[in-house]
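**Q** This is the content of query23.txt (compact mmCIF, C-alpha atoms and all ligand atoms):
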```
# COMPACT_ATOMS: atom_id res chain seq x y z
CA MET A 1121 130.73 270.93 40.74
CA SER A 1122 134.13 271.45 39.14
CA HIS A 1123 135.10 269.42 36.13
CA ASN A 1124 136.89 266.11 36.53
CA THR A 1125 140.30 266.84 34.98
CA GLU A 1126 143.75 265.27 35.04
CA ARG A 1127 145.05 268.02 37.34
CA SER A 1128 142.14 267.80 39.76
CA PRO A 1129 140.59 264.34 39.41
CA TYR A 1130 137.48 263.30 41.33
CA SER A 1131 138.12 261.18 44.41
CA VAL A 1132 135.79 258.84 46.18
CA VAL A 1133 135.12 259.70 49.86
CA PRO A 1134 132.78 257.66 52.07
CA LEU A 1135 130.37 259.82 54.10
CA THR A 1136 130.63 258.38 57.58
CA GLY A 1137 127.83 258.98 60.09
CA GLY A 1138 125.58 260.15 57.31
CA GLN A 1139 121.89 259.49 57.19
CA LEU A 1140 122.08 257.14 54.26
CA ALA A 1141 121.57 253.45 55.06
CA VAL A 1142 123.98 252.33 52.36
CA PRO A 1143 127.48 253.65 51.94
CA SER A 1144 127.46 256.50 49.53
CA TYR A 1145 130.34 258.18 47.85
CA THR A 1146 131.08 261.63 46.73
CA PHE A 1147 133.86 262.73 44.44
CA LEU A 1148 136.31 265.09 46.08
CA PRO A 1149 139.81 266.10 45.17
CA THR A 1150 141.33 265.26 48.66
CA ASP A 1151 144.67 264.31 50.19
CA LYS A 1152 143.37 260.89 51.16
CA GLU A 1153 143.39 259.95 47.49
CA GLU A 1154 145.99 257.23 47.93
CA LEU A 1155 144.05 255.47 50.71
CA PHE A 1156 140.91 255.35 48.62
CA GLN A 1157 142.82 254.15 45.61
CA ASN A 1158 143.98 251.22 47.72
CA VAL A 1159 140.44 250.49 48.89
CA LEU A 1160 139.23 250.57 45.32
CA THR A 1161 141.98 248.21 44.18
CA GLN A 1162 141.08 245.79 46.95
CA VAL A 1163 137.39 245.89 46.05
CA ALA A 1164 138.24 245.34 42.41
CA GLU A 1165 140.45 242.40 43.32
CA GLN A 1166 137.68 240.86 45.40
CA PHE A 1167 135.21 241.27 42.54
CA SER A 1168 137.67 239.72 40.13
CA ARG A 1169 138.29 236.80 42.50
CA ALA A 1170 134.53 236.32 42.90
CA PHE A 1171 134.14 236.19 39.11
CA LYS A 1172 137.02 233.75 38.79
CA ILE A 1173 135.42 231.49 41.39
CA ASN A 1174 132.21 231.57 39.37
CA GLU A 1175 134.11 230.73 36.18
CA LEU A 1176 135.82 227.91 38.00
CA LYS A 1177 132.50 226.65 39.32
CA THR A 1178 131.03 226.62 35.81
CA GLU A 1179 134.06 224.81 34.46
CA VAL A 1180 133.96 222.19 37.20
CA THR A 1181 130.23 221.66 36.61
CA ASN A 1182 130.81 221.29 32.86
CA ARG A 1183 133.66 218.85 33.36
CA LEU A 1184 131.61 216.81 35.76
CA ALA A 1185 128.77 216.64 33.25
CA MET A 1186 131.23 215.54 30.54
CA LEU A 1187 132.68 212.87 32.81
CA GLU A 1188 129.22 211.61 33.71
CA LYS A 1189 128.34 211.41 30.01
CA ARG A 1190 131.57 209.53 29.32
CA VAL A 1191 130.95 207.06 32.11
CA GLU A 1192 127.45 206.55 30.75
CA LEU A 1193 128.76 205.98 27.20
CA GLU A 1194 131.53 203.65 28.40
CA GLY A 1195 128.91 201.75 30.36
CA MET A 1196 126.73 201.46 27.28
CA LYS A 1197 129.73 200.35 25.21
CA VAL A 1198 130.67 197.73 27.79
CA ALA A 1199 127.06 196.55 27.97
CA GLU A 1200 126.91 196.38 24.16
CA ILE A 1201 130.17 194.43 23.97
CA GLU A 1202 129.01 192.09 26.72
CA LYS A 1203 125.79 191.57 24.79
CA CYS A 1204 127.75 190.68 21.64
CA HIS A 1205 129.99 188.29 23.57
CA SER A 1206 127.10 186.34 25.02
CA HIS A 1207 125.06 186.77 21.83
CA ILE A 1208 126.06 183.49 20.26
CA LEU A 1209 125.41 181.23 23.15
CA SER A 1210 122.23 182.72 24.52
CA ASP A 1211 120.32 184.62 21.82
CA LEU A 1212 120.97 182.13 19.08
CA LEU A 1213 120.29 178.86 20.79
CA PHE A 1214 116.55 179.32 20.42
CA LYS A 1215 116.97 178.92 16.68
CA LEU A 1216 118.02 175.35 17.23
CA THR A 1217 114.41 174.43 17.72
CA PRO A 1218 112.76 174.29 14.31
CA GLN A 1219 110.36 177.17 14.14
CA ARG A 1220 108.00 175.73 11.60
CA ASP A 1221 106.32 172.38 12.05
CA VAL A 1222 106.02 171.69 8.37
CA PRO A 1223 108.70 172.86 5.96
CA SER A 1224 107.07 175.81 4.31
CA TYR A 1225 109.37 176.87 1.51
CA PRO A 1226 107.76 176.36 -1.85
CA LYS A 1227 109.13 173.58 -3.96
CA TYR A 1228 110.91 175.37 -6.72
CA HIS A 1229 110.94 173.60 -9.98
CA LEU A 1230 114.55 173.85 -11.00
CA SER A 1231 114.86 174.12 -14.75
CA GLN A 1232 117.04 171.66 -16.63
CA GLU A 1233 119.37 174.57 -17.33
CA THR A 1234 119.73 175.36 -13.58
CA VAL A 1235 120.21 171.70 -12.70
CA GLU A 1236 123.02 171.47 -15.27
CA ALA A 1237 124.61 174.80 -14.24
CA LEU A 1238 124.62 173.70 -10.59
CA ARG A 1239 127.23 171.06 -11.43
CA HIS A 1240 129.89 173.61 -12.40
CA PRO A 1241 132.04 176.16 -10.54
CA THR A 1242 130.78 178.80 -12.97
CA PHE A 1243 127.31 178.72 -11.33
CA ASP A 1244 126.06 182.22 -10.54
CA VAL A 1245 125.45 182.08 -6.80
CA TRP A 1246 124.10 185.64 -6.56
CA GLN A 1247 120.82 185.35 -8.41
CA TRP A 1248 119.03 183.07 -5.94
CA GLU A 1249 116.74 183.73 -2.99
CA PRO A 1250 117.28 181.67 0.19
CA ASN A 1251 114.34 179.41 -0.67
CA GLU A 1252 115.77 178.73 -4.11
CA MET A 1253 119.16 177.92 -2.59
CA LEU A 1254 117.40 175.50 -0.21
CA SER A 1255 115.78 173.78 -3.19
CA CYS A 1256 119.16 173.58 -4.93
CA LEU A 1257 120.73 171.98 -1.85
CA GLU A 1258 117.87 169.51 -1.69
CA HIS A 1259 118.43 168.73 -5.35
CA MET A 1260 122.14 168.02 -4.76
CA TYR A 1261 121.35 165.50 -1.99
CA ASN A 1262 118.85 163.80 -4.29
CA ASP A 1263 121.10 163.90 -7.34
CA LEU A 1264 123.98 162.31 -5.42
CA ASP A 1265 121.56 159.57 -4.39
CA LEU A 1266 122.01 160.36 -0.71
CA VAL A 1267 118.27 160.55 -0.04
CA LYS A 1268 117.12 157.30 -1.62
CA GLY A 1269 120.43 155.53 -1.09
CA PHE A 1270 120.36 156.10 2.67
CA ASN A 1271 116.58 155.94 2.96
CA MET A 1272 116.49 159.52 4.20
CA ASN A 1273 113.09 161.00 4.96
CA PRO A 1274 112.61 163.82 2.38
CA ILE A 1275 110.58 165.87 4.91
CA THR A 1276 113.39 165.55 7.46
CA LEU A 1277 115.83 166.75 4.81
CA LYS A 1278 113.68 169.86 4.23
CA SER A 1279 113.28 170.56 7.98
CA TRP A 1280 117.00 170.11 8.51
CA LEU A 1281 117.90 172.48 5.66
CA LEU A 1282 115.48 175.10 7.00
CA CYS A 1283 117.01 174.83 10.45
CA ILE A 1284 120.48 175.18 8.86
CA HIS A 1285 119.34 178.33 7.08
CA ASP A 1286 117.99 179.79 10.35
CA ASN A 1287 121.29 179.15 12.07
CA TYR A 1288 123.43 181.19 9.69
CA GLN A 1289 123.70 184.79 10.76
CA VAL A 1290 123.23 187.79 8.50
CA ASN A 1291 126.96 188.61 8.33
CA PRO A 1292 128.49 190.40 5.34
CA PHE A 1293 130.45 187.24 4.45
CA HIS A 1294 129.85 184.29 6.76
CA ASN A 1295 126.18 183.90 5.94
CA PHE A 1296 123.85 181.32 4.40
CA ARG A 1297 124.93 182.22 0.84
CA HIS A 1298 128.54 181.40 1.78
CA CYS A 1299 127.31 178.04 3.10
CA PHE A 1300 125.53 177.51 -0.20
CA CYS A 1301 128.64 178.47 -2.22
CA VAL A 1302 130.90 176.08 -0.33
CA THR A 1303 128.41 173.22 -0.69
CA GLN A 1304 127.80 173.95 -4.36
CA MET A 1305 131.58 173.97 -4.97
CA MET A 1306 131.82 170.62 -3.18
CA TYR A 1307 129.05 169.27 -5.41
CA SER A 1308 130.92 170.64 -8.49
CA MET A 1309 134.13 168.93 -7.39
CA ILE A 1310 132.30 165.65 -6.75
CA CYS A 1311 130.96 165.86 -10.31
CA LEU A 1312 134.13 167.16 -11.97
CA CYS A 1313 136.50 164.71 -10.25
CA SER A 1314 134.03 161.79 -10.36
CA LEU A 1315 134.51 161.41 -6.62
CA GLN A 1316 131.59 158.98 -6.40
CA GLU A 1317 133.76 156.46 -8.24
CA ILE A 1318 136.54 156.58 -5.67
CA PHE A 1319 134.81 157.50 -2.40
CA THR A 1320 132.12 155.56 -0.55
CA GLN A 1321 128.64 157.09 -0.43
CA VAL A 1322 129.19 157.66 3.31
CA ASP A 1323 132.24 159.77 2.42
CA ILE A 1324 130.14 161.76 -0.08
CA LEU A 1325 127.49 162.30 2.60
CA ILE A 1326 130.18 163.46 5.05
CA LEU A 1327 131.72 165.86 2.49
CA MET A 1328 128.37 167.44 1.57
CA THR A 1329 127.01 167.65 5.11
CA ALA A 1330 130.24 169.08 6.53
CA ALA A 1331 130.13 171.76 3.81
CA VAL A 1332 126.52 172.66 4.68
CA CYS A 1333 127.30 172.89 8.43
CA HIS A 1334 130.85 174.27 8.35
CA ASP A 1335 130.13 177.89 9.46
CA LEU A 1336 126.91 177.50 11.50
CA GLN A 1337 126.26 180.47 13.80
CA HIS A 1338 129.44 182.23 12.68
CA PRO A 1339 129.36 185.54 14.59
CA GLY A 1340 131.30 187.53 11.94
CA TYR A 1341 134.42 187.90 14.14
CA ASN A 1342 137.25 185.42 13.67
CA ASN A 1343 139.12 183.19 16.12
CA THR A 1344 141.81 185.80 16.78
CA TYR A 1345 139.12 188.20 17.95
CA GLN A 1346 137.41 185.51 20.03
CA ILE A 1347 140.70 184.68 21.75
CA ASN A 1348 141.91 188.27 22.27
CA ALA A 1349 138.51 189.46 23.49
CA ARG A 1350 138.24 186.36 25.71
CA THR A 1351 134.71 185.68 24.50
CA GLU A 1352 132.50 182.96 25.91
CA LEU A 1353 133.40 180.75 22.90
CA ALA A 1354 137.15 181.15 23.43
CA VAL A 1355 136.75 180.34 27.12
CA ARG A 1356 134.54 177.35 26.37
CA TYR A 1357 136.95 175.84 23.82
CA ASN A 1358 140.21 176.88 25.54
CA ASP A 1359 141.28 179.03 22.55
CA ILE A 1360 141.46 175.92 20.35
CA SER A 1361 139.57 176.66 17.09
CA PRO A 1362 136.69 178.17 19.08
CA LEU A 1363 134.58 178.97 16.01
CA GLU A 1364 135.01 175.64 14.23
CA ASN A 1365 134.26 173.78 17.45
CA HIS A 1366 131.12 175.87 17.81
CA HIS A 1367 129.97 175.31 14.19
CA CYS A 1368 130.38 171.60 14.78
CA ALA A 1369 128.60 171.57 18.13
CA VAL A 1370 125.65 173.49 16.65
CA ALA A 1371 125.49 171.04 13.74
CA PHE A 1372 125.09 168.10 16.11
CA GLN A 1373 122.66 169.96 18.34
CA ILE A 1374 120.51 170.30 15.23
CA PHE A 1375 120.89 166.60 14.37
CA SER A 1376 119.87 165.74 17.93
CA GLN A 1377 116.35 166.90 17.14
CA PRO A 1378 114.36 164.04 15.65
CA ASP A 1379 112.69 166.10 12.90
CA CYS A 1380 116.08 167.39 11.73
CA ASN A 1381 118.00 164.16 12.05
CA ILE A 1382 118.78 163.15 8.49
CA PHE A 1383 120.88 160.30 9.93
CA SER A 1384 118.01 158.62 11.80
CA THR A 1385 118.17 155.54 9.57
CA PHE A 1386 121.83 154.84 10.40
CA ASP A 1387 122.77 152.43 13.17
CA ALA A 1388 124.86 153.63 16.10
CA GLU A 1389 128.16 152.53 14.58
CA ALA A 1390 127.48 154.21 11.23
CA PHE A 1391 126.32 157.40 12.97
CA LYS A 1392 129.54 157.42 15.00
CA GLN A 1393 131.59 157.18 11.81
CA ILE A 1394 129.62 159.97 10.12
CA ARG A 1395 129.85 162.16 13.22
CA GLN A 1396 133.63 161.68 13.43
CA GLY A 1397 133.97 162.39 9.71
CA ILE A 1398 131.99 165.63 9.88
CA ILE A 1399 133.82 166.83 13.00
CA THR A 1400 137.21 166.20 11.36
CA LEU A 1401 136.22 168.13 8.24
CA ILE A 1402 134.67 171.13 10.00
CA LEU A 1403 137.66 171.45 12.34
CA ALA A 1404 139.94 171.32 9.26
CA THR A 1405 138.46 174.61 8.01
CA ASP A 1406 140.37 176.60 10.65
CA MET A 1407 142.90 178.48 8.49
CA ALA A 1408 145.33 178.47 11.43
CA ARG A 1409 145.85 174.78 10.53
CA HIS A 1410 146.36 175.42 6.80
CA GLY A 1411 150.12 174.77 6.72
CA GLU A 1412 149.86 171.65 8.85
CA ILE A 1413 147.06 170.09 6.74
CA LEU A 1414 148.57 170.98 3.36
CA ASP A 1415 152.01 169.66 4.39
CA SER A 1416 150.46 166.39 5.51
CA PHE A 1417 148.65 166.10 2.16
CA LYS A 1418 151.81 166.93 0.18
CA HIS A 1419 153.58 164.05 1.90
CA LYS A 1420 150.88 161.62 0.78
CA VAL A 1421 149.97 162.89 -2.67
CA ASP A 1422 152.85 161.39 -4.69
CA ARG A 1423 152.13 157.88 -3.43
CA PHE A 1424 148.43 158.40 -2.73
CA ASP A 1425 146.52 155.29 -1.71
CA PHE A 1426 142.72 155.49 -2.01
CA SER A 1427 142.40 152.37 0.13
CA ASP A 1428 144.31 154.00 3.01
CA GLU A 1429 141.82 155.58 5.41
CA GLU A 1430 144.32 158.15 6.65
CA HIS A 1431 145.08 159.24 3.07
CA VAL A 1432 141.37 159.51 2.21
CA THR A 1433 140.62 161.52 5.38
CA CYS A 1434 143.46 163.90 4.57
CA LEU A 1435 142.16 164.34 1.00
CA LYS A 1436 138.64 165.08 2.33
CA MET A 1437 140.10 167.71 4.68
CA VAL A 1438 141.89 169.38 1.77
CA LEU A 1439 138.73 169.21 -0.37
CA ILE A 1440 136.58 171.04 2.17
CA LYS A 1441 139.36 173.60 2.61
CA CYS A 1442 139.46 174.13 -1.18
CA CYS A 1443 135.69 174.63 -1.30
CA ASP A 1444 135.66 176.95 1.72
CA ILE A 1445 138.05 179.44 0.10
CA SER A 1446 137.10 178.80 -3.52
CA ASN A 1447 135.44 182.10 -4.44
CA GLU A 1448 138.30 183.12 -6.74
CA VAL A 1449 137.77 179.91 -8.73
CA ARG A 1450 134.45 181.36 -9.85
CA PRO A 1451 134.06 183.79 -12.77
CA MET A 1452 135.24 187.31 -11.95
CA GLU A 1453 131.72 188.80 -11.80
CA VAL A 1454 130.67 186.12 -9.27
CA ALA A 1455 133.91 186.18 -7.26
CA GLU A 1456 134.52 189.91 -6.92
CA PRO A 1457 131.49 190.85 -4.79
CA TRP A 1458 132.70 188.30 -2.22
CA VAL A 1459 135.92 190.28 -1.75
CA ASP A 1460 133.86 193.34 -0.81
CA CYS A 1461 131.79 191.21 1.59
CA LEU A 1462 134.91 189.79 3.22
CA LEU A 1463 136.56 193.19 3.56
CA GLU A 1464 133.36 194.60 5.07
CA GLU A 1465 133.41 191.84 7.69
CA TYR A 1466 137.15 192.37 8.31
CA PHE A 1467 136.67 196.13 8.74
CA MET A 1468 133.78 195.53 11.13
CA GLN A 1469 136.17 193.41 13.21
CA SER A 1470 139.17 195.78 13.07
CA ASP A 1471 136.98 198.78 13.98
CA ARG A 1472 135.75 196.88 16.99
CA GLU A 1473 139.26 195.76 17.91
CA LYS A 1474 140.40 199.39 17.82
CA ALA A 1475 137.44 200.45 19.98
CA GLU A 1476 138.23 197.70 22.48
CA SER A 1477 142.03 198.35 22.39
CA LEU A 1478 142.73 194.85 21.03
CA PRO A 1479 145.47 193.98 18.49
CA VAL A 1480 144.47 194.60 14.86
CA ALA A 1481 145.74 192.43 11.98
CA PRO A 1482 147.04 194.64 9.12
CA PHE A 1483 145.06 192.61 6.52
CA MET A 1484 141.85 193.62 8.28
CA ASP A 1485 142.72 197.28 8.77
CA ARG A 1486 140.79 199.64 6.49
CA GLU A 1487 143.80 202.01 6.58
CA LYS A 1488 146.18 199.37 5.23
CA VAL A 1489 144.37 196.94 2.93
CA THR A 1490 143.00 197.27 -0.61
CA LYS A 1491 141.16 194.73 -2.74
CA PRO A 1492 144.21 193.85 -4.89
CA THR A 1493 146.62 193.62 -1.93
CA ALA A 1494 144.11 191.47 -0.06
CA GLN A 1495 143.75 189.03 -2.97
CA ILE A 1496 147.17 188.74 -4.64
CA GLY A 1497 149.03 187.11 -1.74
CA PHE A 1498 146.09 184.88 -0.90
CA ILE A 1499 145.73 183.59 -4.49
CA LYS A 1500 149.50 183.19 -5.03
CA PHE A 1501 150.53 181.65 -1.74
CA VAL A 1502 147.41 179.90 -0.43
CA LEU A 1503 144.99 179.05 -3.23
CA ILE A 1504 147.20 178.15 -6.21
CA PRO A 1505 149.65 175.94 -4.22
CA MET A 1506 146.74 174.06 -2.60
CA PHE A 1507 144.78 173.52 -5.83
CA GLU A 1508 147.98 172.55 -7.69
CA THR A 1509 148.61 169.85 -5.09
CA VAL A 1510 145.05 168.51 -5.54
CA MET A 1511 145.63 168.64 -9.31
CA LYS A 1512 148.21 165.86 -8.92
CA LEU A 1513 145.30 163.52 -8.14
CA PHE A 1514 142.69 165.20 -10.33
CA PRO A 1515 144.31 166.78 -13.41
CA GLN A 1516 140.90 167.88 -14.69
CA ILE A 1517 140.78 170.74 -12.16
CA ASP A 1518 143.66 172.52 -13.93
CA GLU A 1519 141.53 174.03 -16.66
CA VAL A 1520 138.28 174.43 -14.71
CA MET A 1521 139.60 175.63 -11.35
CA ILE A 1522 143.26 176.64 -11.46
CA GLN A 1523 143.17 178.59 -14.73
CA PRO A 1524 140.52 181.00 -13.31
CA LEU A 1525 142.77 181.42 -10.23
CA ARG A 1526 145.73 182.40 -12.43
CA GLU A 1527 143.56 184.82 -14.38
CA SER A 1528 142.27 186.35 -11.17
CA ARG A 1529 145.83 186.70 -9.82
CA ASP A 1530 146.92 188.47 -13.05
CA ARG A 1531 143.91 190.78 -12.97
CA TYR A 1532 144.50 191.81 -9.34
CA GLU A 1533 148.21 192.34 -10.10
CA GLU A 1534 147.24 194.70 -12.92
CA LEU A 1535 144.82 196.49 -10.61
CA LYS A 1536 147.57 196.83 -8.02
CA GLN A 1537 149.90 198.37 -10.63
CA ILE A 1538 147.19 200.91 -11.43
CA ASP A 1539 146.70 201.62 -7.70
CA ASP A 1540 150.47 202.07 -7.24
CA ALA A 1541 150.68 204.41 -10.22
CA MET A 1542 147.76 206.46 -8.88
CA ASN A 1543 149.44 206.70 -5.48
CA GLU A 1544 152.68 207.83 -7.11
CA VAL A 1545 150.81 210.54 -9.00
CA ARG A 1546 149.10 211.61 -5.77
CA TYR A 1547 152.48 211.67 -3.97
CA ILE A 1548 154.07 213.81 -6.70
CA TYR A 1549 151.07 216.12 -6.59
CA VAL A 1550 151.44 216.55 -2.82
CA CYS A 1551 155.20 217.20 -3.10
CA VAL A 1552 154.73 219.78 -5.84
ZN ZN B 1 133.48 179.11 5.48
```
Reformat the file's structure so that it appears as structure tokens.
Ligand SMILES: [Zn+2]
**A**
Amino acid sequence: MSHNTERSPYSVVPLTGGQLAVPSYTFLPTDKEELFQNVLTQVAEQFSRAFKINELKTEVTNRLAMLEKRVELEGMKVAEIEKCHSHILSDLLFKLTPQRDVPSYPKYHLSQETVEALRHPTFDVWQWEPNEMLSCLEHMYNDLDLVKGFNMNPITLKSWLLCIHDNYQVNPFHNFRHCFCVTQMMYSMICLCSLQEIFTQVDILILMTAAVCHDLQHPGYNNTYQINARTELAVRYNDISPLENHHCAVAFQIFSQPDCNIFSTFDAEAFKQIRQGIITLILATDMARHGEILDSFKHKVDRFDFSDEEHVTCLKMVLIKCCDISNEVRPMEVAEPWVDCLLEEYFMQSDREKAESLPVAPFMDREKVTKPTAQIGFIKFVLIPMFETVMKLFPQIDEVMIQPLRESRDRYEELKQIDDAMNEVRYIYVCV
């Protein structure tokens, strides 16, 4: 065979009528070169098309698999969200039944030092176990003479407190320790402002009990989320303070059980008055009503009349509001961890809002908020004006409660200046 050169290249020629069962080819330098070139091109094109079809098939299969996975994940997400939405009303209701027949937490002997510390806003709320906090709450009810004074069954008080504890969720912020903080601050204010001298004992009972119950079964997602996500709670309460209405309803579901009913010794009329008082106070903790409630109080404060029921109710509403958001009144080392807890809960909400394509409030967005920015505005425009208005009636809170607020505001302003300076340095660094 001659060599395959450029001048005389090999050509492919099919051997027709040959004895071979499959087409065979031989390489000949012939005149039919062009024809065979065409055949070859066609074959090559067909092969290429066949490969492309295979590629396409693989791609389609892959895409289908991805889509299936996505549908599955979306389904799981939807199921998870649905579960969370119905969580509060179905999963949690079982807790309303007391789970222990006899209150089982050990009776802590509170030292004289603890008993004294409990009366002040400086009390360190972080060093106590739930059982110890329960004992402290029990102590407050006894110390204020609510147990003996109203002939309350001490065992019922214990069972009730246990049931309260079981009906606070393990949220970063809205948990049983927050309930304890708010109630302990209320107790401090009762002591500091000698409220027992100006309020009736029924009012004191309402203030304390509303504080204990004010965030029962809080799901960790605020009213805005409830409304935007159209949760079962928002639907049930027609978007009107869904959470506060729920906290209140849970409180009275608990009281409806005989072994948790600390009001069993009251007659129907007295119970009605206590129930109305507690409802009013818990509903007042909705921050959406802050401006309305504070304005109403400001109108009364300069000519405040302790014998006027409307005035007293308004003052009680402001008092529970003060206690609810009073963390910054506490010493810095007690107050600061609460900011982290609150931001954690906010971020949990904003992450979920982003995942569910719901509106996100900038103050909850982890991309936009920092500890100082979160606190400065809140202390300056919400806390200080409210406490300064209360100070008109109770000047003694200036030193004990408002001074720490001013110090906290100054500290966070300094921290913000440091943050700003750091950001400027970072910006210059990036530009350079
Ligand atoms: Zn609260």
**Q** With all atoms listed in the file counted, collect every polymer residue having an atom within 9 Å of ligand ZN 1 (chain B); state the result as a ChimeraX atom specification.
**A** /A:1293-1295,1298-1299,1302,1331,1334-1335,1338,1405-1406,1441,1443-1445
**Q** Mind giving me the straight-line distance from atom CA of Met1468 of chain A to atom CA of Ala1494 of chain A in Å, one decimal?
**A** 15.8 Å
**Q** Which residues are close to Thr1385 of chain A, i.e. within 8 Å by only C-alpha atoms, leaving aside same-chain residues fewer than 2 positions away? Reply as a list in words.
**A**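 With the cut-off at 8 Å, the set is Phe1270, Asn1271, Met1272, Ile1382, Phe1383 and Asp1387 of chain A.
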**Q** Need the shell around Met1521 of chain A: protein/DNA/RNA residues with any atom at most 10 Å away, counting all atoms listed in the file. Skip same-chain ones fewer than 3 positions apart. Format as a VMD selection string?
**A** chain A and resid 1240 to 1242 1309 1446 1448 to 1451 1504 1507 to 1508 1511 1516 to 1518 1524 to 1526
**Q** Between A:Glu1533, A:His1367, A:Phe1391, A:Phe1319, which has the minimum distance to His1431 of chain A (counting all atoms listed in the file)?
**A**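 Counting all atoms listed in the file, the residue closest to His1431 of chain A is A:Phe1319.
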**Q** If we count all atoms listed in the file, what is near Phe1426 of chain A at a cut-off of 12 Å, once residues fewer than 2 positions away on the same chain are taken out, given as a list in words?
**A**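 With the cut-off at 12 Å, the set is Leu1315, Glu1317, Ile1318, Phe1319, Thr1320, Lys1420, Val1421, Arg1423, Phe1424, Asp1428, Glu1429, Glu1430, His1431, Val1432, Thr1433, Cys1434, Leu1435, Lys1436 and Leu1513 of chain A.
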**Q** Go through A:Glu1236, A:Ala1404, A:Pro1362, A:Glu1453 one by one, measure the shortest atom-to-atom distance of each to Arg1350 of chain A using only C-alpha atoms, and give the residue with the smallest value.
**A** A:Pro1362
**Q** What separation in Å, quoted to one decimal, exists between atom CA of Ile1347 of chain A and atom CA of Asp1359 of chain A?
**A**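 Taking atom CA of Ile1347 of chain A as the start and atom CA of Asp1359 of chain A as the end point, the length is 5.7 Å.
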**Q** Can you tell me how far atom CA of Arg1356 of chain A sits from atom CA of Asn1343 of chain A, in Å to one decimal?
**A**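 Answer for the atom CA of Arg1356 of chain A to atom CA of Asn1343 of chain A separation: 12.7 Å.
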